[in-house]
$ cat query_3.csv   # CSV, C-alpha atoms
chain,number,residue,atom,x,y,z
A,1,MET,CA,202.9,124.2,80.6
A,2,ARG,CA,199.9,122.2,81.7
A,3,HIS,CA,198.8,120.6,78.4
A,4,GLY,CA,196.5,117.7,79.1
A,5,LYS,CA,196.8,117.9,82.9
A,6,LYS,CA,193.3,117.3,84.1
A,7,VAL,CA,194.0,115.8,87.6
A,8,ASN,CA,195.9,117.5,90.4
A,9,HIS,CA,198.3,114.8,91.6
A,10,LEU,CA,198.7,116.5,94.9
A,11,GLY,CA,202.3,115.2,95.1
A,12,ARG,CA,201.2,111.6,95.6
A,13,LYS,CA,201.2,108.3,93.7
A,14,THR,CA,197.8,107.2,92.3
A,15,ALA,CA,197.0,104.6,95.0
A,16,HIS,CA,197.8,107.0,97.8
A,17,ARG,CA,195.8,109.8,96.2
A,18,LYS,CA,192.7,107.7,95.7
A,19,ALA,CA,192.9,106.3,99.2
A,20,MET,CA,193.3,109.9,100.6
A,21,LEU,CA,190.4,111.2,98.6
A,22,ALA,CA,188.2,108.3,99.6
A,23,ASN,CA,189.0,108.9,103.3
A,24,MET,CA,188.4,112.6,103.0
A,25,ALA,CA,185.1,112.0,101.2
A,26,CYS,CA,183.9,109.6,104.0
A,27,SER,CA,184.8,112.2,106.6
A,28,LEU,CA,183.0,114.9,104.7
A,29,ILE,CA,179.8,112.7,104.4
A,30,GLU,CA,180.0,111.8,108.1
A,31,HIS,CA,180.8,115.3,109.6
A,32,LYS,CA,179.2,117.4,106.8
A,33,ARG,CA,182.3,119.7,106.8
A,34,ILE,CA,186.1,119.3,107.1
A,35,ASN,CA,189.1,121.6,107.1
A,36,THR,CA,191.9,120.9,104.7
A,37,THR,CA,194.2,122.7,102.2
A,38,VAL,CA,192.6,124.5,99.2
A,39,ALA,CA,194.2,122.1,96.7
A,40,LYS,CA,192.9,119.1,98.5
A,41,ALA,CA,189.4,120.7,98.9
A,42,LYS,CA,189.2,121.4,95.1
A,43,ALA,CA,190.3,117.8,94.3
A,44,LEU,CA,187.8,116.5,96.9
A,45,LYS,CA,185.0,118.5,95.3
A,46,GLN,CA,185.6,116.9,91.9
A,47,PHE,CA,185.7,113.5,93.6
A,48,VAL,CA,182.6,113.7,95.8
A,49,GLU,CA,180.1,115.6,93.7
A,50,PRO,CA,179.6,112.8,91.1
A,51,LEU,CA,179.0,110.4,94.0
A,52,VAL,CA,176.3,112.6,95.5
A,53,THR,CA,174.7,112.8,92.1
A,54,LYS,CA,174.7,108.9,91.9
A,55,SER,CA,173.2,108.8,95.4
A,56,LYS,CA,170.1,110.6,94.2
A,57,GLU,CA,168.8,107.4,92.6
A,58,ASP,CA,168.9,104.6,95.1
A,59,THR,CA,169.6,101.5,93.1
A,60,THR,CA,171.9,98.5,93.9
A,61,HIS,CA,174.1,99.4,90.9
A,62,ASN,CA,174.6,103.0,92.1
A,63,ARG,CA,175.4,101.8,95.6
A,64,ARG,CA,178.0,99.4,94.3
A,65,ILE,CA,179.6,102.1,92.1
A,66,VAL,CA,179.7,104.5,95.1
A,67,PHE,CA,181.1,101.8,97.4
A,68,GLY,CA,183.8,101.1,94.9
A,69,LYS,CA,185.0,104.7,95.3
A,70,LEU,CA,184.4,105.3,99.0
A,71,ARG,CA,185.2,101.8,100.4
A,72,ASN,CA,183.2,102.4,103.5
A,73,LYS,CA,179.8,101.0,103.9
A,74,TYR,CA,178.8,103.3,106.7
A,75,ALA,CA,179.6,106.4,104.6
A,76,VAL,CA,177.6,104.9,101.6
A,77,THR,CA,174.6,104.2,103.9
A,78,GLU,CA,174.8,107.8,105.3
A,79,LEU,CA,175.1,109.2,101.8
A,80,PHE,CA,172.1,107.3,100.4
A,81,ARG,CA,169.9,107.6,103.5
A,82,ASP,CA,170.5,111.1,104.8
A,83,VAL,CA,172.4,113.3,102.3
A,84,ALA,CA,170.6,112.3,99.0
A,85,PRO,CA,167.1,113.2,100.1
A,86,LYS,CA,168.3,116.6,101.3
A,87,VAL,CA,170.0,117.4,98.0
A,88,GLY,CA,167.4,115.7,95.8
A,89,ASP,CA,166.0,118.8,94.2
A,90,ARG,CA,169.4,120.5,93.7
A,91,PRO,CA,170.8,120.2,90.2
A,92,GLY,CA,174.5,120.1,91.2
A,93,GLY,CA,176.8,122.2,93.4
A,94,TYR,CA,176.5,120.1,96.5
A,95,THR,CA,179.7,121.4,98.2
A,96,ARG,CA,181.0,124.8,99.1
A,97,ILE,CA,184.7,125.8,99.6
A,98,ILE,CA,185.4,128.6,102.1
A,99,LYS,CA,188.9,129.9,102.3
A,100,LEU,CA,190.2,130.3,105.9
A,101,GLY,CA,193.6,131.8,105.5
A,102,ASN,CA,197.1,130.3,106.0
A,103,ARG,CA,198.2,127.5,108.3
A,104,LEU,CA,200.6,128.6,111.1
A,105,GLY,CA,203.2,125.9,110.6
A,106,ASP,CA,203.9,126.0,106.9
A,107,ASN,CA,201.8,128.9,105.6
A,108,ALA,CA,199.6,126.6,103.4
A,109,ASP,CA,196.3,128.0,102.2
A,110,MET,CA,193.6,126.4,104.2
A,111,ALA,CA,189.9,126.0,103.4
A,112,MET,CA,186.7,124.5,104.8
A,113,ILE,CA,184.7,122.3,102.5
A,114,GLU,CA,181.1,121.6,103.5
A,115,LEU,CA,177.9,120.1,102.1
A,116,VAL,CA,175.8,123.1,101.1
A,117,ASP,CA,172.4,122.0,102.4
A,118,TYR,CA,173.7,121.3,105.9
A,119,ASN,CA,174.8,124.9,106.7
A,120,GLU,CA,172.0,126.5,108.7
A,121,LEU,CA,173.7,130.0,108.8
A,122,TYR,CA,173.7,130.5,105.0
A,123,ASN,CA,170.3,128.8,104.5
A,124,ALA,CA,168.4,130.4,107.4
A,125,GLY,CA,167.5,133.9,105.9
A,126,LYS,CA,166.8,132.7,102.4
A,127,PRO,CA,163.3,131.7,101.3
A,128,ALA,CA,162.9,128.4,99.4
A,129,LYS,CA,163.6,129.0,95.7
A,130,LYS,CA,161.2,128.1,93.0
A,131,LYS,CA,162.1,125.0,91.0
A,132,SER,CA,162.1,126.7,87.6
A,133,ARG,CA,161.8,130.2,86.2
A,134,ARG,CA,160.0,129.1,83.1
A,135,ARG,CA,156.5,130.4,82.6
A,136,GLY,CA,154.0,127.7,83.4
A,137,LYS,CA,151.0,126.9,81.5
A,138,GLY,CA,148.3,129.3,82.6
A,139,LYS,CA,144.7,128.4,83.5
A,140,LYS,CA,142.1,128.8,80.8
A,141,ALA,CA,140.2,132.0,80.9
A,142,GLU,CA,137.8,131.9,83.7
A,143,THR,CA,134.2,132.3,82.8
A,144,ALA,CA,132.0,134.7,84.7
A,145,PRO,CA,130.8,133.3,87.9
A,146,VAL,CA,127.4,131.7,87.5
A,147,ALA,CA,124.7,133.7,89.4
A,148,PRO,CA,122.3,131.7,91.5
A,149,ALA,CA,119.0,130.9,89.9
A,150,PRO,CA,116.3,133.4,90.8
A,151,GLU,CA,113.7,132.2,93.2
A,152,THR,CA,110.5,131.0,91.6
A,153,THR,CA,107.2,131.8,93.2
A,154,ASN,CA,105.0,128.9,94.1
A,155,SER,CA,101.8,128.9,92.0
A,156,GLU,CA,100.2,126.5,94.5
A,157,GLU,CA,99.9,129.1,97.2
A,158,GLU,CA,97.8,131.5,95.2

$ encode --input "query_3.csv" --output "structure tokens"
Amino acid sequence: MRHGKKVNHLGRKTAHRKAMLANMACSLIEHKRINTTVAKAKALKQFVEPLVTKSKEDTTHNRRIVFGKLRNKYAVTELFRDVAPKVGDRPGGYTRIIKLGNRLGDNADMAMIELVDYNELYNAGKPAKKKSRRRGKGKKAETAPVAPAPETTNSEEE
């Protein structure tokens, strides 16, 4: 039974797991995609998505929170400078997991995890989506176009 089990421990102690996820997140931010096992990719997705959400608002407090998790100032700089503006309008779902098959050595399920907005193959054929699907406030009923004033004849010429 899995009552109350919210975190996949990945067969590691807490300190080792946190360090591994921080290193994987730094690699993902730096290279925009990495190959790993499916279980680690799912754990990394839960780890990195809140950090990307924090990076959308560039404040000192948010930078310190993200640095406390990542422990790499170059990755924090890359996240706030390059990644955040690219995902600024997206309301979540910053990563994509693509299953690759099994590893040759031990038959482990492998996957590629990538930042969604950096894959040109998936984004090339799709037009830009609208921000919302709600009906906007329409313009007021347009009045009939005003016709130009008729020309007046000059009474001075007569």

$ closest_residue --input "query_3.csv" --among "A:Arg81, A:Lys45, A:His61, A:Arg71" --to "Tyr94 of chain A" --atoms "all atoms listed in the file"
A:Lys45

$ atom_distance --input "query_3.csv" --atom1 "atom CA of Val66 of chain A" --atom2 "atom CA of Lys42 of chain A"
19.4 Å

$ atom_distance --input "query_3.csv" --atom1 "atom CA of Asn23 of chain A" --atom2 "atom CA of Leu44 of chain A"
10.0 Å

$ closest_residue --input "query_3.csv" --among "A:Leu115, A:Asn123, A:Met1, A:Ile29" --to "Leu79 of chain A" --atoms "all atoms listed in the file"
A:Ile29

$ closest_residue --input "query_3.csv" --among "A:Leu70, A:Lys5, A:Glu30, A:Pro91" --to "Glu114 of chain A" --atoms "all atoms listed in the file"
A:Glu30

$ atom_distance --input "query_3.csv" --atom1 "atom CA of Ala84 of chain A" --atom2 "atom CA of Lys56 of chain A"
5.1 Å

$ residues_near_point --input "query_3.csv" --point "(171.9, 108.3, 94.8)" --cutoff "12 Å" --atoms "all atoms listed in the file" --output "number ranges by chain"
A: 49-67, 76-88

$ write_last_selection --input "query_3.csv" --atoms "C-alpha atoms" --output "PDB file, in the coordinates of the input"
ATOM      1  CA  GLU A  49     180.100 115.600  93.700  1.00  0.00           C
ATOM      2  CA  PRO A  50     179.600 112.800  91.100  1.00  0.00           C
ATOM      3  CA  LEU A  51     179.000 110.400  94.000  1.00  0.00           C
ATOM      4  CA  VAL A  52     176.300 112.600  95.500  1.00  0.00           C
ATOM      5  CA  THR A  53     174.700 112.800  92.100  1.00  0.00           C
ATOM      6  CA  LYS A  54     174.700 108.900  91.900  1.00  0.00           C
ATOM      7  CA  SER A  55     173.200 108.800  95.400  1.00  0.00           C
ATOM      8  CA  LYS A  56     170.100 110.600  94.200  1.00  0.00           C
ATOM      9  CA  GLU A  57     168.800 107.400  92.600  1.00  0.00           C
ATOM     10  CA  ASP A  58     168.900 104.600  95.100  1.00  0.00           C
ATOM     11  CA  THR A  59     169.600 101.500  93.100  1.00  0.00           C
ATOM     12  CA  THR A  60     171.900  98.500  93.900  1.00  0.00           C
ATOM     13  CA  HIS A  61     174.100  99.400  90.900  1.00  0.00           C
ATOM     14  CA  ASN A  62     174.600 103.000  92.100  1.00  0.00           C
ATOM     15  CA  ARG A  63     175.400 101.800  95.600  1.00  0.00           C
ATOM     16  CA  ARG A  64     178.000  99.400  94.300  1.00  0.00           C
ATOM     17  CA  ILE A  65     179.600 102.100  92.100  1.00  0.00           C
ATOM     18  CA  VAL A  66     179.700 104.500  95.100  1.00  0.00           C
ATOM     19  CA  PHE A  67     181.100 101.800  97.400  1.00  0.00           C
ATOM     20  CA  VAL A  76     177.600 104.900 101.600  1.00  0.00           C
ATOM     21  CA  THR A  77     174.600 104.200 103.900  1.00  0.00           C
ATOM     22  CA  GLU A  78     174.800 107.800 105.300  1.00  0.00           C
ATOM     23  CA  LEU A  79     175.100 109.200 101.800  1.00  0.00           C
ATOM     24  CA  PHE A  80     172.100 107.300 100.400  1.00  0.00           C
ATOM     25  CA  ARG A  81     169.900 107.600 103.500  1.00  0.00           C
ATOM     26  CA  ASP A  82     170.500 111.100 104.800  1.00  0.00           C
ATOM     27  CA  VAL A  83     172.400 113.300 102.300  1.00  0.00           C
ATOM     28  CA  ALA A  84     170.600 112.300  99.000  1.00  0.00           C
ATOM     29  CA  PRO A  85     167.100 113.200 100.100  1.00  0.00           C
ATOM     30  CA  LYS A  86     168.300 116.600 101.300  1.00  0.00           C
ATOM     31  CA  VAL A  87     170.000 117.400  98.000  1.00  0.00           C
ATOM     32  CA  GLY A  88     167.400 115.700  95.800  1.00  0.00           C
TER      33      GLY A  88
END

$ residues_around --input "query_3.csv" --residues "Asn8 of chain A" --least-positions-apart "5" --cutoff "10 Å" --atoms "all atoms listed in the file" --output "list of chain:residue names"
A:Arg17, A:Ala39, A:Lys40, A:Lys42, A:Ala43

$ closest_residue --input "query_3.csv" --among "A:Cys26, A:Ala19, A:Lys32, A:Val7" --to "Glu120 of chain A" --atoms "all atoms listed in the file"
A:Lys32

$ closest_residue --input "query_3.csv" --among "A:Val116, A:Ala111, A:Ala22, A:Tyr74" --to "Val48 of chain A" --atoms "only C-alpha atoms"
A:Ala22

$ axis_aligned_box --input "query_3.csv" --around "segment 41-56 of chain A" --padding-each-side "8 Å" --output "JSON"
{"center_x": 180.2, "center_y": 115.1, "center_z": 95.0, "size_x": 36.2, "size_y": 28.6, "size_z": 23.8}

$ closest_residue --input "query_3.csv" --among "A:Gly11, A:Arg90, A:Asn35, A:Ser27" --to "Arg103 of chain A" --atoms "only C-alpha atoms"
A:Asn35
